[in-house]
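Encoded as structure tokens, the structure appears first; notes follow it.
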Amino acid sequence: TMRNYSHLYQDDYFDERDLNDSLRVAMFQLDGAFLRRHVPGDGIICDVGCSTGEFLHCIDWQGPRYGMEVSPEARRRAEQRGISFAKGILDQKEFFDGVVFRGVIQHLPHPFLYIEKAHEALKPGGKIIFLATPNAGSLYYRLFGALPALDSPRNFYIPSAQGLANALNNIGFTVREVAYPY
């Protein structure tokens, strides 16, 4: 059994993650367009680290919406937005059309395990989508050793674009598109 890290995410952590930040909402629209290019809009989706469910709610995802979240308060808010926690990548095989890691891979203590589980949980032809993912290979990170949006106490792993692509390829994925929309 895996250790629970919910203590890192007190209820106030989500106060600015509840559709009340116009910059986040603008980012959601860009990320939603990217997601829809790769996963049919009525597909079964799992949002890993879904927070309050604001992303799938904001982009008005029409298919079945599942989430994974360690914070009980964020889960409660996400459930109010129609996110189900009945199924996730840790307990499904060939179920999801898409698995989304939006701004979360750095918060996972076992990121490669989650990527492997996502691979197993996807239907044949399903897609794993990384959005708002920090890049340790970026010029800013190389110069300053950090990124403005990183929340240091909660980070376990900051991937580079190449390192993440290598891990995905080794696990069995094929990287189809990399974009830097913001």
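Chain labels A, B, ... are given in the sequence in which chains occur in the structure tokens; within each chain residues are numbered consecutively from 1, and ligands are likewise numbered from 1 in the order shown.
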Discussion item. Set the distance at 12 Å and use only C-alpha atoms: which residues neighbour Phe55 (chain A) once local chain neighbours fewer than 6 positions away are removed? I'd like the list as number ranges by chain.
Written reply: A: 17-21, 24-33, 35, 45-49, 61, 65-67, 78, 81-83, 100-103, 131-132
Interface rows for region 1-113 of chain A against region 137-161 of chain A: nearest pair, Å to one decimal, 12 Å, only C-alpha atoms, as JSON lines:
```
{"residue": "A:Tyr5", "atom": "CA", "partner": "A:Arg154", "partner_atom": "CA", "distance": 9.2}
{"residue": "A:Ser6", "atom": "CA", "partner": "A:Arg154", "partner_atom": "CA", "distance": 10.4}
{"residue": "A:His7", "atom": "CA", "partner": "A:Arg154", "partner_atom": "CA", "distance": 10.1}
{"residue": "A:Leu8", "atom": "CA", "partner": "A:Arg154", "partner_atom": "CA", "distance": 6.4}
{"residue": "A:Tyr9", "atom": "CA", "partner": "A:Arg154", "partner_atom": "CA", "distance": 8.3}
{"residue": "A:Gln10", "atom": "CA", "partner": "A:Arg154", "partner_atom": "CA", "distance": 11.5}
{"residue": "A:Tyr13", "atom": "CA", "partner": "A:Asp151", "partner_atom": "CA", "distance": 10.6}
{"residue": "A:Arg24", "atom": "CA", "partner": "A:Ala149", "partner_atom": "CA", "distance": 11.5}
{"residue": "A:Gly103", "atom": "CA", "partner": "A:Leu150", "partner_atom": "CA", "distance": 9.5}
{"residue": "A:Val104", "atom": "CA", "partner": "A:Asn155", "partner_atom": "CA", "distance": 9.2}
{"residue": "A:Ile105", "atom": "CA", "partner": "A:Tyr157", "partner_atom": "CA", "distance": 7.4}
{"residue": "A:Gln106", "atom": "CA", "partner": "A:Tyr157", "partner_atom": "CA", "distance": 4.8}
{"residue": "A:His107", "atom": "CA", "partner": "A:Asn155", "partner_atom": "CA", "distance": 4.8}
{"residue": "A:Leu108", "atom": "CA", "partner": "A:Phe156", "partner_atom": "CA", "distance": 6.3}
{"residue": "A:Pro109", "atom": "CA", "partner": "A:Phe156", "partner_atom": "CA", "distance": 5.6}
{"residue": "A:His110", "atom": "CA", "partner": "A:Phe156", "partner_atom": "CA", "distance": 8.4}
{"residue": "A:Pro111", "atom": "CA", "partner": "A:Tyr157", "partner_atom": "CA", "distance": 7.7}
{"residue": "A:Phe112", "atom": "CA", "partner": "A:Tyr157", "partner_atom": "CA", "distance": 10.2}
```
What would the file look like if the residues just selected were written as a PDB file, in the first residue's frame with N, CA, C and O atoms?
```
ATOM      1  N   TYR A   5      -0.159  11.194   1.104  1.00  0.00           N
ATOM      2  CA  TYR A   5       0.500  12.485   1.215  1.00  0.00           C
ATOM      3  C   TYR A   5      -0.499  13.640   1.309  1.00  0.00           C
ATOM      4  O   TYR A   5      -0.160  14.782   1.005  1.00  0.00           O
ATOM      5  N   SER A   6      -1.713  13.359   1.735  1.00  0.00           N
ATOM      6  CA  SER A   6      -2.731  14.413   1.805  1.00  0.00           C
ATOM      7  C   SER A   6      -2.340  15.520   2.781  1.00  0.00           C
ATOM      8  O   SER A   6      -2.800  16.656   2.635  1.00  0.00           O
ATOM      9  N   HIS A   7      -1.455  15.230   3.744  1.00  0.00           N
ATOM     10  CA  HIS A   7      -1.036  16.257   4.700  1.00  0.00           C
ATOM     11  C   HIS A   7      -0.309  17.426   4.011  1.00  0.00           C
ATOM     12  O   HIS A   7      -0.210  18.511   4.568  1.00  0.00           O
ATOM     13  N   LEU A   8       0.179  17.213   2.804  1.00  0.00           N
ATOM     14  CA  LEU A   8       0.850  18.286   2.069  1.00  0.00           C
ATOM     15  C   LEU A   8      -0.134  19.288   1.470  1.00  0.00           C
ATOM     16  O   LEU A   8       0.272  20.354   0.994  1.00  0.00           O
ATOM     17  N   TYR A   9      -1.425  18.954   1.477  1.00  0.00           N
ATOM     18  CA  TYR A   9      -2.439  19.761   0.803  1.00  0.00           C
ATOM     19  C   TYR A   9      -3.564  20.105   1.770  1.00  0.00           C
ATOM     20  O   TYR A   9      -4.601  19.456   1.790  1.00  0.00           O
ATOM     21  N   GLN A  10      -3.331  21.132   2.576  1.00  0.00           N
ATOM     22  CA  GLN A  10      -4.363  21.598   3.496  1.00  0.00           C
ATOM     23  C   GLN A  10      -5.491  22.256   2.682  1.00  0.00           C
ATOM     24  O   GLN A  10      -5.307  22.615   1.518  1.00  0.00           O
ATOM     25  N   TYR A  13      -4.970  25.269   0.460  1.00  0.00           N
ATOM     26  CA  TYR A  13      -4.202  25.094  -0.771  1.00  0.00           C
ATOM     27  C   TYR A  13      -5.114  25.233  -1.991  1.00  0.00           C
ATOM     28  O   TYR A  13      -4.692  25.697  -3.051  1.00  0.00           O
ATOM     29  N   ARG A  24      -5.598  30.979 -14.635  1.00  0.00           N
ATOM     30  CA  ARG A  24      -5.769  29.521 -14.679  1.00  0.00           C
ATOM     31  C   ARG A  24      -6.877  29.144 -15.661  1.00  0.00           C
ATOM     32  O   ARG A  24      -6.740  28.194 -16.424  1.00  0.00           O
ATOM     33  N   GLY A 103      -0.365  19.433 -14.459  1.00  0.00           N
ATOM     34  CA  GLY A 103       0.347  20.089 -13.376  1.00  0.00           C
ATOM     35  C   GLY A 103       0.488  19.221 -12.143  1.00  0.00           C
ATOM     36  O   GLY A 103       0.428  19.724 -11.027  1.00  0.00           O
ATOM     37  N   VAL A 104       0.681  17.905 -12.357  1.00  0.00           N
ATOM     38  CA  VAL A 104       0.680  17.013 -11.203  1.00  0.00           C
ATOM     39  C   VAL A 104       1.883  16.068 -11.128  1.00  0.00           C
ATOM     40  O   VAL A 104       2.230  15.625 -10.045  1.00  0.00           O
ATOM     41  N   ILE A 105       2.544  15.794 -12.232  1.00  0.00           N
ATOM     42  CA  ILE A 105       3.593  14.768 -12.201  1.00  0.00           C
ATOM     43  C   ILE A 105       4.661  15.094 -11.155  1.00  0.00           C
ATOM     44  O   ILE A 105       5.198  14.205 -10.494  1.00  0.00           O
ATOM     45  N   GLN A 106       4.942  16.382 -10.958  1.00  0.00           N
ATOM     46  CA  GLN A 106       5.952  16.779  -9.983  1.00  0.00           C
ATOM     47  C   GLN A 106       5.509  16.535  -8.539  1.00  0.00           C
ATOM     48  O   GLN A 106       6.329  16.486  -7.631  1.00  0.00           O
ATOM     49  N   HIS A 107       4.210  16.359  -8.317  1.00  0.00           N
ATOM     50  CA  HIS A 107       3.678  16.141  -6.970  1.00  0.00           C
ATOM     51  C   HIS A 107       3.569  14.661  -6.600  1.00  0.00           C
ATOM     52  O   HIS A 107       3.186  14.350  -5.478  1.00  0.00           O
ATOM     53  N   LEU A 108       3.871  13.785  -7.526  1.00  0.00           N
ATOM     54  CA  LEU A 108       3.706  12.352  -7.273  1.00  0.00           C
ATOM     55  C   LEU A 108       4.999  11.737  -6.738  1.00  0.00           C
ATOM     56  O   LEU A 108       6.058  11.865  -7.360  1.00  0.00           O
ATOM     57  N   PRO A 109       4.923  11.039  -5.606  1.00  0.00           N
ATOM     58  CA  PRO A 109       6.129  10.422  -5.065  1.00  0.00           C
ATOM     59  C   PRO A 109       6.638   9.250  -5.908  1.00  0.00           C
ATOM     60  O   PRO A 109       7.811   8.899  -5.825  1.00  0.00           O
ATOM     61  N   HIS A 110       5.774   8.673  -6.727  1.00  0.00           N
ATOM     62  CA  HIS A 110       6.151   7.542  -7.581  1.00  0.00           C
ATOM     63  C   HIS A 110       5.671   7.811  -9.012  1.00  0.00           C
ATOM     64  O   HIS A 110       4.793   7.109  -9.519  1.00  0.00           O
ATOM     65  N   PRO A 111       6.221   8.815  -9.673  1.00  0.00           N
ATOM     66  CA  PRO A 111       5.682   9.222 -10.969  1.00  0.00           C
ATOM     67  C   PRO A 111       5.710   8.129 -12.035  1.00  0.00           C
ATOM     68  O   PRO A 111       4.765   8.005 -12.819  1.00  0.00           O
ATOM     69  N   PHE A 112       6.744   7.315 -12.043  1.00  0.00           N
ATOM     70  CA  PHE A 112       6.846   6.292 -13.087  1.00  0.00           C
ATOM     71  C   PHE A 112       5.843   5.171 -12.853  1.00  0.00           C
ATOM     72  O   PHE A 112       5.313   4.604 -13.808  1.00  0.00           O
TER      73      PHE A 112
END
```
Item to complete: Determine which residues of region 3-179 of chain A DSSP labels as strand (DSSP E or B) from the backbone of this structure, then write them out as a list in words.
Response: Ile45, Cys46, Asp47, Val48, Arg65, Tyr66, Gly67, Met68, Ser84, Phe96, Asp97, Gly98, Val99, Val100, Phe101, Arg102, Leu122, Lys123, Pro124, Gly125, Gly126, Lys127, Ile128, Ile129, Phe130 and Leu131 of chain A
Fill in: Pick from A:Gly53, A:Pro134, A:Gly163, A:Pro64 nearest to Asp97 (chain A), counting only C-alpha atoms
A:Pro64
